[in-house]
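Have a look at data-v8.pdb; it's PDB, C-alpha atoms:
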MODEL        1
ATOM      1  CA  MET A1036       0.000   0.000   0.000
ATOM      2  CA  SER A1037       1.446   3.365  -0.896
ATOM      3  CA  ALA A1038       1.071   6.203   1.555
ATOM      4  CA  ARG A1039      -1.779   8.550   0.778
ATOM      5  CA  PHE A1040      -0.653  11.585   2.805
ATOM      6  CA  ASN A1041       2.462  13.740   2.937
ATOM      7  CA  ALA A1042       4.003  15.853   5.674
ATOM      8  CA  GLY A1043       2.086  19.114   5.930
ATOM      9  CA  ASP A1044      -1.215  17.697   4.674
ATOM     10  CA  ARG A1045      -4.269  18.822   6.615
ATOM     11  CA  VAL A1046      -6.407  15.903   7.683
ATOM     12  CA  ARG A1047      -9.413  15.013   9.767
ATOM     13  CA  VAL A1048      -9.622  11.974  12.019
ATOM     14  CA  ARG A1049     -12.718   9.962  11.127
ATOM     15  CA  GLU A1050     -15.570  10.548  13.509
ATOM     16  CA  ALA A1051     -16.495   6.907  13.814
ATOM     17  CA  TYR A1052     -17.103   4.603  16.739
ATOM     18  CA  PRO A1053     -16.746   1.066  15.402
ATOM     19  CA  PRO A1054     -16.595  -1.885  17.798
ATOM     20  CA  GLY A1055     -13.431  -3.936  18.069
ATOM     21  CA  HIS A1056      -9.766  -3.376  18.687
ATOM     22  CA  VAL A1057      -9.225   0.252  17.670
ATOM     23  CA  ARG A1058      -6.078   2.307  18.308
ATOM     24  CA  THR A1059      -7.477   5.765  17.582
ATOM     25  CA  PRO A1060      -8.176   7.537  20.904
ATOM     26  CA  TYR A1061     -11.698   8.876  21.426
ATOM     27  CA  TYR A1062     -10.490  12.412  22.121
ATOM     28  CA  LEU A1063      -9.289  12.685  18.507
ATOM     29  CA  ARG A1064     -12.355  11.398  16.680
ATOM     30  CA  GLY A1065     -13.520  14.069  14.248
ATOM     31  CA  LYS A1066     -10.598  16.377  15.049
ATOM     32  CA  ARG A1067      -8.543  18.277  12.484
ATOM     33  CA  GLY A1068      -4.758  17.987  12.452
ATOM     34  CA  VAL A1069      -1.669  18.235  10.291
ATOM     35  CA  VAL A1070       0.466  15.291   9.171
ATOM     36  CA  SER A1071       3.996  15.601  10.604
ATOM     37  CA  SER A1072       5.479  12.518   8.971
ATOM     38  CA  LEU A1073       4.942   8.971   7.808
ATOM     39  CA  ILE A1074       6.502   6.935  10.606
ATOM     40  CA  ALA A1075       5.878   3.308   9.670
ATOM     41  CA  GLU A1076       3.958   0.828   7.582
ATOM     42  CA  LEU A1077       2.833  -2.074   9.736
ATOM     43  CA  PRO A1078       0.241  -4.861   9.767
ATOM     44  CA  ASN A1079      -3.131  -3.434  10.802
ATOM     45  CA  PRO A1080      -3.717  -4.194  14.526
ATOM     46  CA  GLU A1081      -7.488  -3.915  13.995
ATOM     47  CA  GLU A1082      -7.145  -7.099  11.905
ATOM     48  CA  LEU A1083      -4.338  -8.776  13.860
ATOM     49  CA  ALA A1084      -6.497  -8.673  16.991
ATOM     50  CA  TYR A1085      -8.873 -11.149  15.338
ATOM     51  CA  GLY A1086      -6.228 -13.573  14.131
ATOM     52  CA  ARG A1087      -6.003 -12.237  10.580
ATOM     53  CA  ASP A1088      -2.718 -11.301   8.897
ATOM     54  CA  GLY A1089      -3.240  -7.532   8.971
ATOM     55  CA  LEU A1090      -2.103  -7.176   5.350
ATOM     56  CA  PRO A1091      -1.643  -5.091   3.277
ATOM     57  CA  LEU A1092       0.630  -3.030   5.491
ATOM     58  CA  MET A1093      -1.045   0.043   6.946
ATOM     59  CA  PRO A1094       0.766   3.417   6.788
ATOM     60  CA  ILE A1095       0.977   5.130  10.176
ATOM     61  CA  TYR A1096       1.559   8.867  10.549
ATOM     62  CA  TRP A1097       2.402  11.258  13.291
ATOM     63  CA  VAL A1098      -0.405  13.781  13.230
ATOM     64  CA  SER A1099      -0.067  17.045  15.143
ATOM     65  CA  PHE A1100      -2.911  18.791  16.987
ATOM     66  CA  PRO A1101      -2.732  22.118  18.859
ATOM     67  CA  GLN A1102      -3.557  21.459  22.512
ATOM     68  CA  THR A1103      -5.695  24.593  22.791
ATOM     69  CA  TYR A1104      -7.857  23.139  19.988
ATOM     70  CA  LEU A1105      -8.202  19.671  21.556
ATOM     71  CA  TRP A1106      -9.004  20.953  25.046
ATOM     72  CA  PRO A1107     -10.990  24.206  25.184
ATOM     73  CA  ASN A1108      -9.826  24.888  28.764
ATOM     74  CA  TYR A1109      -6.190  24.044  28.056
ATOM     75  CA  ALA A1110      -4.058  25.987  30.523
ATOM     76  CA  GLY A1111      -0.737  26.084  28.639
ATOM     77  CA  PRO A1112       0.499  28.313  25.811
ATOM     78  CA  GLU A1113      -0.817  28.062  22.247
ATOM     79  CA  ILE A1114       2.437  26.541  20.959
ATOM     80  CA  ASP A1115       1.818  23.251  22.831
ATOM     81  CA  THR A1116       0.855  20.245  20.718
ATOM     82  CA  ALA A1117      -0.148  16.622  20.908
ATOM     83  CA  GLU A1118       1.452  14.347  18.330
ATOM     84  CA  VAL A1119      -0.238  10.999  17.906
ATOM     85  CA  ASP A1120       0.347   7.818  15.867
ATOM     86  CA  ILE A1121      -2.676   7.495  13.571
ATOM     87  CA  GLN A1122      -3.382   4.769  11.023
ATOM     88  CA  GLU A1123      -4.140   5.890   7.495
ATOM     89  CA  ASN A1124      -7.622   4.287   7.499
ATOM     90  CA  TRP A1125      -8.591   6.774  10.241
ATOM     91  CA  LEU A1126      -7.584   9.888   8.261
ATOM     92  CA  GLU A1127      -9.563  11.860   5.709
ATOM     93  CA  PRO A1128      -8.087  14.619   3.550
ATOM     94  CA  LEU A1129      -9.233  18.073   4.572
ATOM     95  CA  VAL A1130      -9.855  20.360   1.638
ATOM     96  CA  GLY A1131      -8.706  23.971   1.757
ATOM     97  CA  THR A1132     -11.964  25.771   2.460
ATOM     98  CA  GLU A1133     -13.164  23.496   5.201
ATOM     99  CA  ASN A1134     -12.806  25.331   8.475
ATOM    100  CA  GLU A1135     -14.541  25.289  11.765
TER     101      GLU A1135
ATOM    102  CA  MET B 760      -8.468 -13.245  58.884
ATOM    103  CA  SER B 761      -8.805  -9.986  60.734
ATOM    104  CA  ASP B 762      -7.570  -6.700  59.311
ATOM    105  CA  ASN B 763      -5.166  -6.262  62.158
ATOM    106  CA  HIS B 764      -2.927  -8.703  63.894
ATOM    107  CA  SER B 765      -0.489  -8.702  66.755
ATOM    108  CA  HIS B 766       2.767 -10.539  66.867
ATOM    109  CA  SER B 767       1.806 -13.012  69.544
ATOM    110  CA  GLY B 768       4.515 -13.849  71.925
ATOM    111  CA  ASP B 769       6.406 -10.604  71.464
ATOM    112  CA  ASP B 770       6.014  -7.567  73.625
ATOM    113  CA  TRP B 771       4.954  -5.175  70.919
ATOM    114  CA  PRO B 772       1.374  -4.214  71.793
ATOM    115  CA  TYR B 773       0.445  -2.256  68.662
ATOM    116  CA  PRO B 774      -1.333  -4.158  65.887
ATOM    117  CA  HIS B 775      -0.693  -3.092  62.311
ATOM    118  CA  PRO B 776      -2.874  -3.561  59.211
ATOM    119  CA  GLN B 777      -2.112  -6.680  57.224
ATOM    120  CA  GLN B 778      -0.771  -6.430  53.720
ATOM    121  CA  PRO B 779      -3.206  -8.153  51.364
ATOM    122  CA  ASP B 780      -1.991 -11.270  49.580
ATOM    123  CA  ILE B 781      -1.724 -11.100  45.795
ATOM    124  CA  GLU B 782      -4.603 -13.599  45.600
ATOM    125  CA  ASP B 783      -6.861 -11.282  47.606
ATOM    126  CA  GLY B 784      -7.590  -9.319  44.427
ATOM    127  CA  GLU B 785     -10.265 -10.480  42.021
ATOM    128  CA  PHE B 786      -9.327 -13.444  39.794
ATOM    129  CA  THR B 787     -10.733 -12.292  36.484
ATOM    130  CA  GLU B 788     -11.732 -14.233  33.411
ATOM    131  CA  LEU B 789      -8.785 -12.735  31.499
ATOM    132  CA  MET B 790      -6.355 -13.847  34.206
ATOM    133  CA  ALA B 791      -7.779 -17.362  33.980
ATOM    134  CA  MET B 792      -7.473 -17.265  30.207
ATOM    135  CA  THR B 793      -3.849 -16.099  30.404
ATOM    136  CA  ASP B 794      -2.962 -18.969  32.725
ATOM    137  CA  ALA B 795      -4.848 -21.444  30.541
ATOM    138  CA  VAL B 796      -3.140 -20.315  27.324
ATOM    139  CA  ALA B 797       0.295 -20.478  28.953
ATOM    140  CA  GLU B 798      -0.407 -24.018  30.204
ATOM    141  CA  LEU B 799      -1.666 -25.077  26.784
ATOM    142  CA  MET B 800       1.408 -23.684  25.007
ATOM    143  CA  ILE B 801       3.653 -25.552  27.425
ATOM    144  CA  ASP B 802       1.626 -28.802  27.197
ATOM    145  CA  LYS B 803       1.714 -28.668  23.413
ATOM    146  CA  GLY B 804       5.453 -28.093  23.423
ATOM    147  CA  TYR B 805       5.616 -24.619  21.854
ATOM    148  CA  PHE B 806       7.884 -23.588  24.719
ATOM    149  CA  SER B 807       8.796 -24.992  28.101
ATOM    150  CA  ALA B 808       7.971 -23.662  31.552
ATOM    151  CA  ASP B 809      11.649 -22.838  31.880
ATOM    152  CA  ASP B 810      11.598 -20.879  28.587
ATOM    153  CA  MET B 811       8.729 -18.797  29.930
ATOM    154  CA  ARG B 812      10.426 -18.263  33.267
ATOM    155  CA  ARG B 813      13.665 -17.302  31.528
ATOM    156  CA  THR B 814      11.870 -14.774  29.299
ATOM    157  CA  LEU B 815      10.153 -13.159  32.278
ATOM    158  CA  GLU B 816      13.438 -13.044  34.164
ATOM    159  CA  THR B 817      15.151 -11.379  31.201
ATOM    160  CA  ILE B 818      12.438  -8.765  30.845
ATOM    161  CA  ASP B 819      12.362  -8.097  34.595
ATOM    162  CA  ALA B 820      16.138  -7.587  34.559
ATOM    163  CA  LYS B 821      16.047  -4.785  31.958
ATOM    164  CA  THR B 822      17.149  -1.361  33.193
ATOM    165  CA  PRO B 823      17.452   2.117  31.665
ATOM    166  CA  ALA B 824      21.208   1.569  31.280
ATOM    167  CA  GLU B 825      21.117   0.534  27.623
ATOM    168  CA  GLY B 826      18.854   3.374  26.547
ATOM    169  CA  ALA B 827      21.132   5.732  28.470
ATOM    170  CA  ARG B 828      24.214   4.374  26.679
ATOM    171  CA  MET B 829      22.594   4.999  23.316
ATOM    172  CA  ILE B 830      21.726   8.564  24.272
ATOM    173  CA  ALA B 831      25.269   9.247  25.509
ATOM    174  CA  ARG B 832      26.626   7.888  22.211
ATOM    175  CA  ALA B 833      24.196  10.101  20.291
ATOM    176  CA  TRP B 834      25.379  13.165  22.237
ATOM    177  CA  LEU B 835      29.005  12.403  21.376
ATOM    178  CA  ASP B 836      28.631  11.170  17.805
ATOM    179  CA  PRO B 837      26.376  13.253  15.533
ATOM    180  CA  ASP B 838      26.484  10.595  12.805
ATOM    181  CA  PHE B 839      25.283   7.967  15.267
ATOM    182  CA  LYS B 840      22.499  10.309  16.352
ATOM    183  CA  VAL B 841      21.345  10.634  12.734
ATOM    184  CA  ARG B 842      21.261   6.851  12.413
ATOM    185  CA  MET B 843      19.442   6.521  15.740
ATOM    186  CA  LEU B 844      16.790   9.046  14.707
ATOM    187  CA  GLU B 845      16.438   7.082  11.470
ATOM    188  CA  ASN B 846      16.221   3.614  13.060
ATOM    189  CA  VAL B 847      16.675   3.019  16.795
ATOM    190  CA  ASN B 848      16.684  -0.772  16.491
ATOM    191  CA  ALA B 849      19.515  -0.739  13.924
ATOM    192  CA  ALA B 850      21.454   1.776  16.023
ATOM    193  CA  ALA B 851      20.996  -0.469  19.074
ATOM    194  CA  ALA B 852      22.314  -3.457  17.112
ATOM    195  CA  GLU B 853      25.464  -1.439  16.302
ATOM    196  CA  MET B 854      26.093  -1.312  20.054
ATOM    197  CA  ASP B 855      25.189  -5.012  20.567
ATOM    198  CA  ILE B 856      22.023  -3.956  22.397
ATOM    199  CA  ASP B 857      18.920  -6.152  21.996
ATOM    200  CA  SER B 858      16.056  -3.727  21.390
ATOM    201  CA  GLY B 859      13.397  -6.392  20.764
ATOM    202  CA  VAL B 860      11.238  -6.878  17.700
ATOM    203  CA  ILE B 861       8.932  -3.872  18.030
ATOM    204  CA  PRO B 862      10.226  -0.812  16.115
ATOM    205  CA  ILE B 863      11.361   2.013  18.397
ATOM    206  CA  LEU B 864      11.393   5.674  17.375
ATOM    207  CA  ALA B 865      13.602   8.303  19.012
ATOM    208  CA  ILE B 866      12.486  11.910  19.409
ATOM    209  CA  GLU B 867      15.026  14.604  20.123
ATOM    210  CA  ASN B 868      14.435  17.414  22.590
ATOM    211  CA  THR B 869      15.604  20.839  21.419
ATOM    212  CA  PRO B 870      15.810  24.304  22.986
ATOM    213  CA  ASP B 871      12.413  24.986  21.355
ATOM    214  CA  VAL B 872      10.544  21.715  21.951
ATOM    215  CA  HIS B 873      10.258  19.541  25.052
ATOM    216  CA  ASN B 874       8.847  16.101  24.203
ATOM    217  CA  ALA B 875       7.201  13.601  26.513
ATOM    218  CA  ILE B 876       5.576  10.191  26.083
ATOM    219  CA  VAL B 877       2.276   8.782  27.228
ATOM    220  CA  CYS B 878       0.191   5.811  26.126
ATOM    221  CA  THR B 879      -3.391   6.857  26.792
ATOM    222  CA  LEU B 880      -4.828   3.521  25.616
ATOM    223  CA  CYS B 881      -2.683   1.159  27.670
ATOM    224  CA  SER B 882       0.966   1.359  28.697
ATOM    225  CA  CYS B 883       3.208   1.121  25.582
ATOM    226  CA  TYR B 884       6.764   1.667  26.732
ATOM    227  CA  PRO B 885      10.271   0.965  25.320
ATOM    228  CA  LYS B 886      11.024  -1.684  27.960
ATOM    229  CA  TYR B 887      13.828  -3.349  26.001
ATOM    230  CA  LEU B 888      15.890  -0.186  26.321
ATOM    231  CA  ILE B 889      14.769   1.231  29.673
ATOM    232  CA  GLY B 890      13.215  -1.644  31.638
ATOM    233  CA  LEU B 891       9.666  -2.190  32.830
ATOM    234  CA  PRO B 892       7.504   0.914  33.206
ATOM    235  CA  PRO B 893       6.980   2.461  36.638
ATOM    236  CA  ASP B 894       3.477   2.027  38.098
ATOM    237  CA  TRP B 895       2.681   5.706  37.607
ATOM    238  CA  TYR B 896       3.271   5.395  33.857
ATOM    239  CA  LYS B 897       0.507   2.760  33.718
ATOM    240  CA  SER B 898      -1.852   4.662  36.026
ATOM    241  CA  ARG B 899      -5.081   6.119  34.698
ATOM    242  CA  ASP B 900      -4.100   9.408  36.331
ATOM    243  CA  TYR B 901      -0.913   9.801  34.248
ATOM    244  CA  ARG B 902      -2.508   8.400  31.089
ATOM    245  CA  SER B 903      -5.469  10.762  31.188
ATOM    246  CA  ARG B 904      -3.831  13.899  32.558
ATOM    247  CA  MET B 905      -0.528  13.836  30.662
ATOM    248  CA  ILE B 906      -2.339  14.339  27.381
ATOM    249  CA  ARG B 907      -4.611  17.185  28.444
ATOM    250  CA  GLU B 908      -2.617  19.044  31.115
ATOM    251  CA  PRO B 909       0.997  18.037  30.509
ATOM    252  CA  ARG B 910       2.504  21.123  32.102
ATOM    253  CA  ALA B 911       0.670  20.480  35.377
ATOM    254  CA  VAL B 912       1.842  16.845  35.371
ATOM    255  CA  LEU B 913       5.407  17.848  34.503
ATOM    256  CA  ALA B 914       5.359  20.345  37.381
ATOM    257  CA  GLU B 915       4.388  17.505  39.748
ATOM    258  CA  PHE B 916       7.578  15.770  38.587
ATOM    259  CA  GLY B 917       9.482  18.978  39.389
ATOM    260  CA  THR B 918       9.836  19.885  35.724
ATOM    261  CA  VAL B 919       8.913  23.429  34.732
ATOM    262  CA  ILE B 920       9.097  24.127  31.001
ATOM    263  CA  PRO B 921       9.170  27.852  30.057
ATOM    264  CA  ASP B 922       6.101  29.109  28.202
ATOM    265  CA  ASP B 923       8.159  29.921  25.097
ATOM    266  CA  VAL B 924       9.173  26.257  24.768
ATOM    267  CA  GLU B 925       6.602  23.980  23.108
ATOM    268  CA  VAL B 926       5.506  20.998  25.144
ATOM    269  CA  ARG B 927       4.826  18.200  22.661
ATOM    270  CA  VAL B 928       3.112  15.154  24.113
ATOM    271  CA  HIS B 929       3.334  11.971  22.072
ATOM    272  CA  ASP B 930       0.461   9.537  22.519
ATOM    273  CA  SER B 931       1.928   6.136  21.670
ATOM    274  CA  THR B 932      -0.964   4.190  20.137
ATOM    275  CA  ALA B 933       0.638   2.002  17.463
ATOM    276  CA  GLU B 934       2.856  -1.099  17.351
ATOM    277  CA  LEU B 935       5.810   1.198  17.895
ATOM    278  CA  ARG B 936       7.668   2.353  20.972
ATOM    279  CA  LEU B 937       8.945   5.869  21.570
ATOM    280  CA  MET B 938      11.931   7.212  23.485
ATOM    281  CA  ILE B 939      13.113  10.752  24.067
ATOM    282  CA  ILE B 940      16.687  11.877  23.467
ATOM    283  CA  PRO B 941      16.998  14.549  26.168
ATOM    284  CA  MET B 942      19.212  17.590  25.711
ATOM    285  CA  ARG B 943      22.797  17.217  26.833
ATOM    286  CA  PRO B 944      23.310  19.503  29.828
ATOM    287  CA  ALA B 945      25.877  22.280  29.758
ATOM    288  CA  GLY B 946      29.067  21.638  31.661
ATOM    289  CA  THR B 947      29.479  18.061  30.406
ATOM    290  CA  GLU B 948      31.945  18.820  27.611
ATOM    291  CA  ASP B 949      34.741  16.829  29.259
ATOM    292  CA  LEU B 950      32.695  13.718  30.044
ATOM    293  CA  ASP B 951      33.107  10.458  28.143
ATOM    294  CA  GLU B 952      30.324   8.113  27.032
ATOM    295  CA  ASP B 953      30.294   6.137  30.256
ATOM    296  CA  ALA B 954      30.101   9.235  32.455
ATOM    297  CA  LEU B 955      27.444  10.837  30.245
ATOM    298  CA  SER B 956      25.302   7.690  30.269
ATOM    299  CA  LYS B 957      25.197   7.822  34.062
ATOM    300  CA  LEU B 958      23.508  11.224  33.874
ATOM    301  CA  VAL B 959      20.645   9.925  31.729
ATOM    302  CA  THR B 960      17.707   8.720  33.812
ATOM    303  CA  ARG B 961      14.624   6.666  33.000
ATOM    304  CA  ASP B 962      12.357   9.641  33.563
ATOM    305  CA  SER B 963      14.363  11.811  31.167
ATOM    306  CA  ILE B 964      13.882   9.156  28.455
ATOM    307  CA  ILE B 965      10.107   9.253  29.106
ATOM    308  CA  GLY B 966      10.333  13.035  28.985
ATOM    309  CA  VAL B 967       8.908  13.865  32.408
ATOM    310  CA  THR B 968      12.206  15.467  33.367
ATOM    311  CA  THR B 969      15.374  16.803  31.801
ATOM    312  CA  VAL B 970      18.970  15.736  32.304
ATOM    313  CA  THR B 971      20.996  17.828  34.692
ATOM    314  CA  ILE B 972      24.406  17.371  36.222
ATOM    315  CA  GLU B 973      22.902  17.587  39.725
ATOM    316  CA  LYS B 974      20.548  14.657  39.195
ATOM    317  CA  GLY B 975      23.412  12.438  38.067
TER     318      GLY B 975
ENDMDL
END

Please render this file's structure as structure tokens.
Amino acid sequence: MSARFNAGDRVRVREAYPPGHVRTPYYLRGKRGVVSSLIAELPNPEELAYGRDGLPLMPIYWVSFPQTYLWPNYAGPEIDTAEVDIQENWLEPLVGTENE
Amino acid sequence: MSDNHSHSGDDWPYPHPQQPDIEDGEFTELMAMTDAVAELMIDKGYFSADDMRRTLETIDAKTPAEGARMIARAWLDPDFKVRMLENVNAAAAEMDIDSGVIPILAIENTPDVHNAIVCTLCSCYPKYLIGLPPDWYKSRDYRSRMIREPRAVLAEFGTVIPDDVEVRVHDSTAELRLMIIPMRPAGTEDLDEDALSKLVTRDSIIGVTTVTIEKG
């Protein structure tokens, strides 16, 4: 599988709540972020957890989120960020005009 | 058994609360399943009881020393640091360090960015390089608060990051492990790799503190 996103791409984490073994934390569902880098391509743990082979390999990115955006009452400065490993199947491209 | 007991026969009159036995906690279905799977694997000859014991002993014996050696080498050898940032497991192999089969990523602290690690989902931790995680790392308190109020948590560890330095919290959710390369403290220019590695602590590799000469 070739990676769909590049560093700097604006993305949205899917706002989905499927059952099963999911590695995308709840606090990020539906949130907008920016891809920092492609960090790995690994078997998909959502499949491995049920005894399947997890193939094709799943690209995993570091995606950056401003803390003041994630937590409305965030007490620290605006420069603070959270950077989280996110699987490609949880990311949607965010087109230029789409803002909150 | 009562909650308090006295040492009968001795003169000490003050009872103290008894420490609960490990078995006093709930025996859950998952614990039963874990025991059953281990017994099955041994019965079917996939590995022996001694293999399992040996593996647990090896993991329990891990310490932060090997991660600290790698960081000291990275401070002294910029080319090594580049290779380590590219591939920690390959860099570990260069130093004859067993870093396990899970890929490990290194993240470098800079004057502008202080990095720290949390696993909000469970307790992912680079144990091959720094040993088993402390209980607080696995606690719900650390896992929930480190992501949403990292500066308050860092302050509880005695770590105050200036407001013009970004605090970047990494939530480790994938089949990867993360480690921080802390900044080399000033005043260590004359130290060799062995002396530098002794300054690097477990907590500085998690990112809840920095490396200072005093703490060494």

Would you mind listing, as number ranges by chain, all residues of chain A that have at least one atom within 8 Å of chain B, where all atoms listed in the file are what counts? A: 1058-1060, 1077, 1080, 1095, 1102, 1106, 1109-1112, 1114-1121

Neighbouring residues of Phe1040 (chain A) were defined as those with any atom within 8 Å, considering all atoms listed in the file; residues of the same chain fewer than 3 positions away were excluded. Please report them as a list in words.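 Residues near the query, excluding close chain neighbours: Asp1044, Val1070 and Leu1073 of chain A.
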
Distance CA of Leu958 (chain B)-CA of Met829 (chain B), one decimal place?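 CA of Met829 (chain B) lies at a distance of 12.3 Å from CA of Leu958 (chain B).
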
Using only C-alpha atoms, the best pick from B:Asp802, B:Asp836, B:Glu952, B:Asp871 as closest to Ile920 (chain B) would be B:Asp871

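Proximity to Leu1083 (chain A) at 12 Å, evaluated using all atoms listed in the file and with sequence-adjacent residues fewer than 2 positions away removed, yields A:Gly1055, A:His1056, A:Val1057, A:Leu1077, A:Pro1078, A:Asn1079, A:Pro1080, A:Glu1081, A:Tyr1085, A:Gly1086, A:Arg1087, A:Asp1088, A:Gly1089, A:Leu1090, A:Pro1091, A:Leu1092, A:Met1093, B:Glu934.
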
As an exercise, work out the distance from CA of Arg902 (chain B) to CA of Tyr884 (chain B) in Å and give it to one decimal place. 12.3 Å

For Asn1041 (chain A), which residue among A:Glu1123, A:Arg1064, A:Leu1105, A:Glu1082 is the nearest when counting only C-alpha atoms?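 Of all the options, A:Glu1123 lies closest to Asn1041 (chain A).
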
When you count only C-alpha atoms, which of these residues is closest to Arg936 (chain B): B:Lys957, B:Lys886, B:Arg828, B:Arg842?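 With only C-alpha atoms as the atom set, the closest residue is B:Lys886.
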
Grab the CA of Arg1067 (chain A) to CA of Arg904 (chain B) distance for me, in Å with one decimal place.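 CA of Arg1067 (chain A) sits 21.1 Å away from CA of Arg904 (chain B).
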
The PyMOL selection byres ((chain A and resi 1127) around 6) applied to the shown file, residues as a list in words: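 Given this file, the PyMOL selection byres ((chain A and resi 1127) around 6) evaluates to Val1046, Arg1047, Leu1126 and Pro1128 of chain A.
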
Given the PyMOL selection byres ((chain B and resi 938) around 7) and the file above, list the residues it selects as a PyMOL selection string. chain B and resi 864-866+885+936-937+939-940+964-965
